[in-house]
Every structure is written in C-alpha cells, then in structure tokens.
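A.B. asks: One file: entry.cif (mmCIF, C-alpha atoms).
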```cif
data_upload
#
loop_
_atom_site.label_atom_id
_atom_site.label_comp_id
_atom_site.auth_asym_id
_atom_site.auth_seq_id
_atom_site.Cartn_x
_atom_site.Cartn_y
_atom_site.Cartn_z
CA MET S 448 0.07 26.62 63.09
CA ASP S 449 3.20 25.37 61.39
CA ASP S 450 5.59 22.85 62.94
CA GLU S 451 8.04 25.56 64.08
CA SER S 452 5.28 27.32 66.04
CA LEU S 453 4.00 24.06 67.51
CA MET S 454 7.53 23.22 68.63
CA GLY S 455 7.78 26.64 70.24
CA ALA S 456 4.69 25.79 72.32
CA ALA S 457 6.16 22.36 73.15
CA LEU S 458 9.42 24.03 74.25
CA GLU S 459 7.41 26.30 76.59
CA GLU S 460 5.99 23.14 78.16
CA ALA S 461 9.49 21.65 78.44
CA HIS S 462 10.60 24.75 80.35
CA ARG S 463 7.67 24.22 82.73
CA ALA S 464 8.95 20.67 83.32
CA ARG S 465 12.44 21.97 84.04
CA GLU S 466 11.04 24.50 86.53
CA ALA S 467 9.24 21.60 88.26
CA GLU S 468 12.58 19.70 88.37
CA GLU S 469 11.27 17.09 85.95
CA VAL S 470 13.08 15.94 82.81
CA PRO S 471 12.43 18.89 80.44
CA ILE S 472 10.20 17.39 77.79
CA GLY S 473 7.12 19.18 76.50
CA ALA S 474 4.35 18.30 74.08
CA VAL S 475 1.31 19.81 72.42
CA VAL S 476 -1.53 18.31 70.38
CA ALA S 477 -3.08 20.35 67.57
CA VAL S 478 -6.31 19.66 65.70
CA ASP S 479 -7.13 21.78 62.65
CA GLY S 480 -4.22 24.07 63.51
CA GLU S 481 -5.41 24.80 67.06
CA ILE S 482 -3.64 23.52 70.17
CA VAL S 483 -6.13 21.39 72.11
CA GLY S 484 -3.72 19.68 74.51
CA ARG S 485 -0.55 20.66 76.34
CA GLY S 486 1.69 18.63 78.59
CA PHE S 487 5.06 18.43 80.22
CA ASN S 488 6.87 15.56 81.89
CA GLN S 489 5.61 15.06 85.43
CA PRO S 490 6.08 11.46 86.59
CA ILE S 491 8.07 12.55 89.66
CA SER S 492 5.67 15.21 90.94
CA SER S 493 2.54 13.19 90.11
CA GLY S 494 3.88 9.83 91.29
CA ASP S 495 2.68 8.45 87.95
CA PRO S 496 5.19 6.64 85.72
CA THR S 497 2.89 7.22 82.72
CA ALA S 498 2.81 11.02 83.12
CA HIS S 499 5.10 11.64 80.15
CA ALA S 500 4.56 14.92 78.28
CA GLU S 501 2.94 13.17 75.32
CA LEU S 502 0.40 11.32 77.45
CA VAL S 503 -0.49 14.41 79.48
CA ALA S 504 -1.08 16.35 76.23
CA ILE S 505 -3.07 13.51 74.64
CA ARG S 506 -5.28 13.16 77.75
CA GLU S 507 -6.06 16.89 77.74
CA ALA S 508 -6.75 16.89 73.99
CA ALA S 509 -9.09 13.89 74.25
CA ARG S 510 -11.03 15.60 77.05
CA ARG S 511 -11.29 18.85 75.09
CA VAL S 512 -12.49 17.25 71.86
CA GLY S 513 -14.67 14.71 73.67
CA ASN S 514 -13.14 11.67 72.02
CA TYR S 515 -10.07 9.52 72.72
CA ARG S 516 -9.59 9.16 68.98
CA LEU S 517 -7.72 12.21 67.81
CA SER S 518 -7.91 11.48 64.08
CA GLY S 519 -6.12 14.12 62.07
CA ALA S 520 -4.22 15.46 65.10
CA ARG S 521 -0.56 16.52 65.14
CA LEU S 522 1.41 15.74 68.26
CA CYS S 523 4.55 17.82 68.65
CA VAL S 524 7.09 16.82 71.30
CA THR S 525 10.58 18.08 72.05
CA ILE S 526 12.21 14.63 72.32
CA GLU S 527 11.61 11.39 70.43
CA PRO S 528 8.89 9.39 72.23
CA CYS S 529 9.45 6.15 74.14
CA LEU S 530 7.65 2.91 73.28
CA MET S 531 4.84 3.57 75.79
CA CYS S 532 4.13 6.93 74.19
CA VAL S 533 4.30 5.48 70.68
CA GLY S 534 1.61 3.00 71.76
CA ALA S 535 -0.54 5.90 72.95
CA LEU S 536 -0.10 7.68 69.61
CA VAL S 537 -1.35 4.56 67.83
CA HIS S 538 -4.36 4.12 70.15
CA ALA S 539 -5.24 7.84 69.93
CA ARG S 540 -5.03 7.68 66.12
CA ILE S 541 -2.61 10.63 65.97
CA ALA S 542 -2.04 11.44 62.28
CA THR S 543 1.39 13.08 62.55
CA LEU S 544 4.17 13.01 65.12
CA VAL S 545 6.58 15.96 65.07
CA PHE S 546 9.61 15.74 67.33
CA GLY S 547 12.71 17.80 67.93
CA ALA S 548 15.69 15.69 68.99
CA ALA S 549 16.25 11.95 68.85
CA GLU S 550 16.58 10.02 72.12
CA PRO S 551 19.29 7.39 71.46
CA LYS S 552 18.68 5.41 74.68
CA SER S 553 14.89 5.05 74.73
CA GLY S 554 13.47 6.68 71.61
CA ALA S 555 11.10 4.26 69.92
CA VAL S 556 10.42 6.00 66.61
CA ILE S 557 13.82 5.93 64.89
CA SER S 558 16.47 5.31 67.57
CA THR S 559 16.02 1.95 69.33
CA VAL S 560 13.03 0.48 67.50
CA ARG S 561 10.54 1.69 64.96
CA GLY S 562 7.61 1.29 67.33
CA GLY S 563 5.07 2.86 65.03
CA GLU S 564 5.85 0.24 62.41
CA LEU S 565 5.47 -2.86 64.60
CA PRO S 566 3.24 -5.54 63.08
CA GLY S 567 -0.30 -5.79 64.35
CA HIS S 568 -0.90 -2.06 64.79
CA ASN S 569 -4.18 -0.93 63.30
CA HIS S 570 -2.93 2.63 62.74
CA ARG S 571 0.19 4.27 61.35
CA PHE S 572 1.31 7.88 61.76
CA GLU S 573 3.51 10.19 59.74
CA VAL S 574 6.81 11.27 61.34
CA VAL S 575 8.52 14.65 61.04
CA ALA S 576 11.86 14.68 62.88
CA GLY S 577 14.40 17.37 63.68
CA VAL S 578 12.17 20.41 64.14
CA ARG S 579 14.14 22.94 66.21
CA GLU S 580 16.41 20.02 67.07
CA ALA S 581 19.32 22.03 68.47
CA GLU S 582 17.08 23.87 70.98
CA CYS S 583 15.42 20.67 72.10
CA ARG S 584 18.73 18.86 72.55
CA ALA S 585 20.36 21.81 74.34
CA LEU S 586 17.55 21.96 76.89
CA MET S 587 18.06 18.30 77.77
CA GLN S 588 21.85 18.61 77.89
CA MET S 589 21.72 21.65 80.19
CA PHE S 590 19.30 19.86 82.50
CA PHE S 591 21.44 16.74 82.87
CA GLU S 592 24.70 18.72 83.15
CA GLY S 593 23.09 20.67 85.99
CA ARG S 594 22.02 17.47 87.73
CA ARG S 595 25.49 15.94 87.43
CA GLY S 596 26.92 19.11 88.96
CA ARG S 597 24.72 18.67 92.05
CA THR S 598 25.88 15.13 92.88
#
```
Would you encode the structure as structure tokens?
C.D. replies:
Amino acid sequence: MDDESLMGAALEEAHRAREAEEVPIGAVVAVDGEIVGRGFNQPISSGDPTAHAELVAIREAARRVGNYRLSGARLCVTIEPCLMCVGALVHARIATLVFGAAEPKSGAVISTVRGGELPGHNHRFEVVAGVREAECRALMQMFFEGRRGRT
C-alpha cells in the first residue's frame, strides 16, 4: 500500500473517532504493505489517557505480529503525534511515520519539539509529512467548530 492509501485507512479510523465523539484522529500500522493495526482516538470512552490513535494501532499491530518491536513498520496517522506517541514509536521501533496535518499546539515531530531526535533514543524513524494534509486538517477543524457551536 502506498502512503495515500494508508492515509485513507487512517482517515476511516478518524471518522470512527468522530462518530464516538472523540477527537477525530485515526492511525494504521502497516508491515510489508499490509495493515496489521488500526486505531482511533478513544481516551474519553475508554477512560484511558494513553488511548491515542497511534497507541491503539501499535498495540493491535504488536499483538497481531507477536512482537512489540515492529521493525520495518509504517505508522500512518492523520495528525502529527504528541510526545507520548513519539516515545511509543521509538520503543516499538517503527521505521517510518507518515502523518497528514501538523499539530501546532502539541505535535512533537516538527511543531513544538523534534521528539524523535531527542538525545539518548536508541532508535530513529523516517518522517513523511503532509500526506492528504487538507483532508486531515479539515476533519479536525469541522470537529472543533461543531463543538464550539454546542457551547
């Protein structure tokens, strides 16, 4: 699967998050071109502050491949990951991160810090940014505009 197709699958997950009234972020993990993990944001519904889309997808992928080290994997997520999720990418040995839109307030890949480049990490990952960026950004903007309209 190419990055556009992976982002399409991540966007499907983001729509699932929106339907669950969670922040609409979705993620998928692919190994050898096959999706092995899917996730959408669910900290509210699960009562788990770590249930970000990336972590949900990484957990599923690790279970499916039978190893927490996902060497060679591509993680595709609709929005730039936070620092917690960047740490998970490092520990899971994700090879490539693909994301759609930057997150200027809490993104920890290019926006607030370059978390993947912090000293002391024993793993680095490649970054591909801006895949289907406008769609990813629009989904977030519509969600938050809708929430502001309800208050």
A.B. asks: Could you list the residues chosen by the PyMOL selection byres ((chain S and resi 586) around 9) in this structure as a ChimeraX atom specification?
C.D. replies: /S:458,461-462,465,471-472,581-585,587-591
A.B. asks: Please write as a PyMOL selection string the full residue list that the PyMOL selection byres ((chain S and resi 515) around 12) yields on this file.
C.D. replies: chain S and resi 502+504-514+516-518+520+535-541
A.B. asks: In Å to one decimal, how far is atom CA of S:Met531 from atom CA of S:His499?
C.D. replies: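 Distance between the two atoms: 9.2 Å.
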A.B. asks: Just how far from atom CA of S:Arg485 is atom CA of S:Cys523, in Å to one decimal?
C.D. replies: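 One can read the atom CA of S:Cys523 to atom CA of S:Arg485 distance as 9.7 Å.
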A.B. asks: Which residues are near stretch 552-562 of chain S? Cut-off 8 Å, all atoms listed in the file, ignore same chain within fewer than 3 positions. Put them as number ranges by chain.
C.D. replies: S: 527-530, 533-534, 549, 565
A.B. asks: Looking at S:Ala548, S:Met448, S:Ala498, S:Ile526, which one is nearest to S:Val476, with distances taken over only C-alpha atoms?
C.D. replies: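 Closest to S:Val476 of all the choices is S:Met448.
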A.B. asks: For the PyMOL selection byres ((chain S and resi 575-577) around 7), applied here, can you spell out every residue it catches as a PyMOL selection string?
C.D. replies: chain S and resi 544-548+573-574+578-580
A.B. asks: Using the selection just defined, write its residues with C-alpha atoms as a tab-separated table (two decimals), in the frame of the given file.
C.D. replies:
```
chain	number	residue	atom	x	y	z
S	544	LEU	CA	4.17	13.01	65.12
S	545	VAL	CA	6.58	15.96	65.07
S	546	PHE	CA	9.61	15.74	67.33
S	547	GLY	CA	12.71	17.80	67.93
S	548	ALA	CA	15.69	15.69	68.99
S	573	GLU	CA	3.51	10.19	59.74
S	574	VAL	CA	6.81	11.27	61.34
S	578	VAL	CA	12.17	20.41	64.14
S	579	ARG	CA	14.14	22.94	66.21
S	580	GLU	CA	16.41	20.02	67.07
```
A.B. asks: Between S:Glu501, S:Val524, S:Ile491, S:Ala542, which residue has the minimum interatomic distance to S:Ser452, considering all atoms listed in the file?
C.D. replies: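 With all atoms listed in the file as the atom set, the closest residue is S:Val524.
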A.B. asks: Put the listed atoms of stretch 454-473 of chain S in a box along x, y and z with 3 Å added on every side and give me the centre and edge lengths in Å to one decimal, as AutoDock Vina command-line options.
C.D. replies:
```
--center_x 8.9 --center_y 21.3 --center_z 78.5 --size_x 14.4 --size_y 16.7 --size_z 25.7
```
A.B. asks: Could you tell me how far atom CA of S:Pro496 sits from atom CA of S:Ile482, in Å to one decimal place?
C.D. replies: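 Atom CA of S:Pro496 lies 24.6 Å from atom CA of S:Ile482.
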A.B. asks: Got a sec: who's within 9 Å of S:Glu469, counting all atoms listed in the file, leaving out chain neighbours fewer than 5 positions off, as a PDB file with C-alpha atoms, in the coordinates of the input?
C.D. replies:
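Produced file result38.pdb, reproduced below:
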```pdb
ATOM      1  CA  ALA S 461       9.490  21.650  78.440  1.00  0.00           C
ATOM      2  CA  ARG S 463       7.670  24.220  82.730  1.00  0.00           C
ATOM      3  CA  ALA S 464       8.950  20.670  83.320  1.00  0.00           C
ATOM      4  CA  PHE S 487       5.060  18.430  80.220  1.00  0.00           C
ATOM      5  CA  ASN S 488       6.870  15.560  81.890  1.00  0.00           C
ATOM      6  CA  GLN S 489       5.610  15.060  85.430  1.00  0.00           C
ATOM      7  CA  PRO S 490       6.080  11.460  86.590  1.00  0.00           C
ATOM      8  CA  ILE S 491       8.070  12.550  89.660  1.00  0.00           C
ATOM      9  CA  SER S 492       5.670  15.210  90.940  1.00  0.00           C
TER      10      SER S 492
END
```
A.B. asks: Contacts of S:Gly486 at 7 Å or less, counting only C-alpha atoms, minus same-chain residues fewer than 5 places along, as a CSV table (one decimal) with C-alpha atoms, keeping the file's coordinate frame?
C.D. replies:
```csv
chain,number,residue,atom,x,y,z
S,460,GLU,CA,6.0,23.1,78.2
S,473,GLY,CA,7.1,19.2,76.5
S,474,ALA,CA,4.4,18.3,74.1
S,475,VAL,CA,1.3,19.8,72.4
S,500,ALA,CA,4.6,14.9,78.3
S,501,GLU,CA,2.9,13.2,75.3
S,503,VAL,CA,-0.5,14.4,79.5
S,504,ALA,CA,-1.1,16.4,76.2
```
A.B. asks: From the list S:Ala477, S:Arg571, S:Glu550, S:Arg594, which residue is nearest S:Thr525 when using only C-alpha atoms?
C.D. replies: S:Glu550
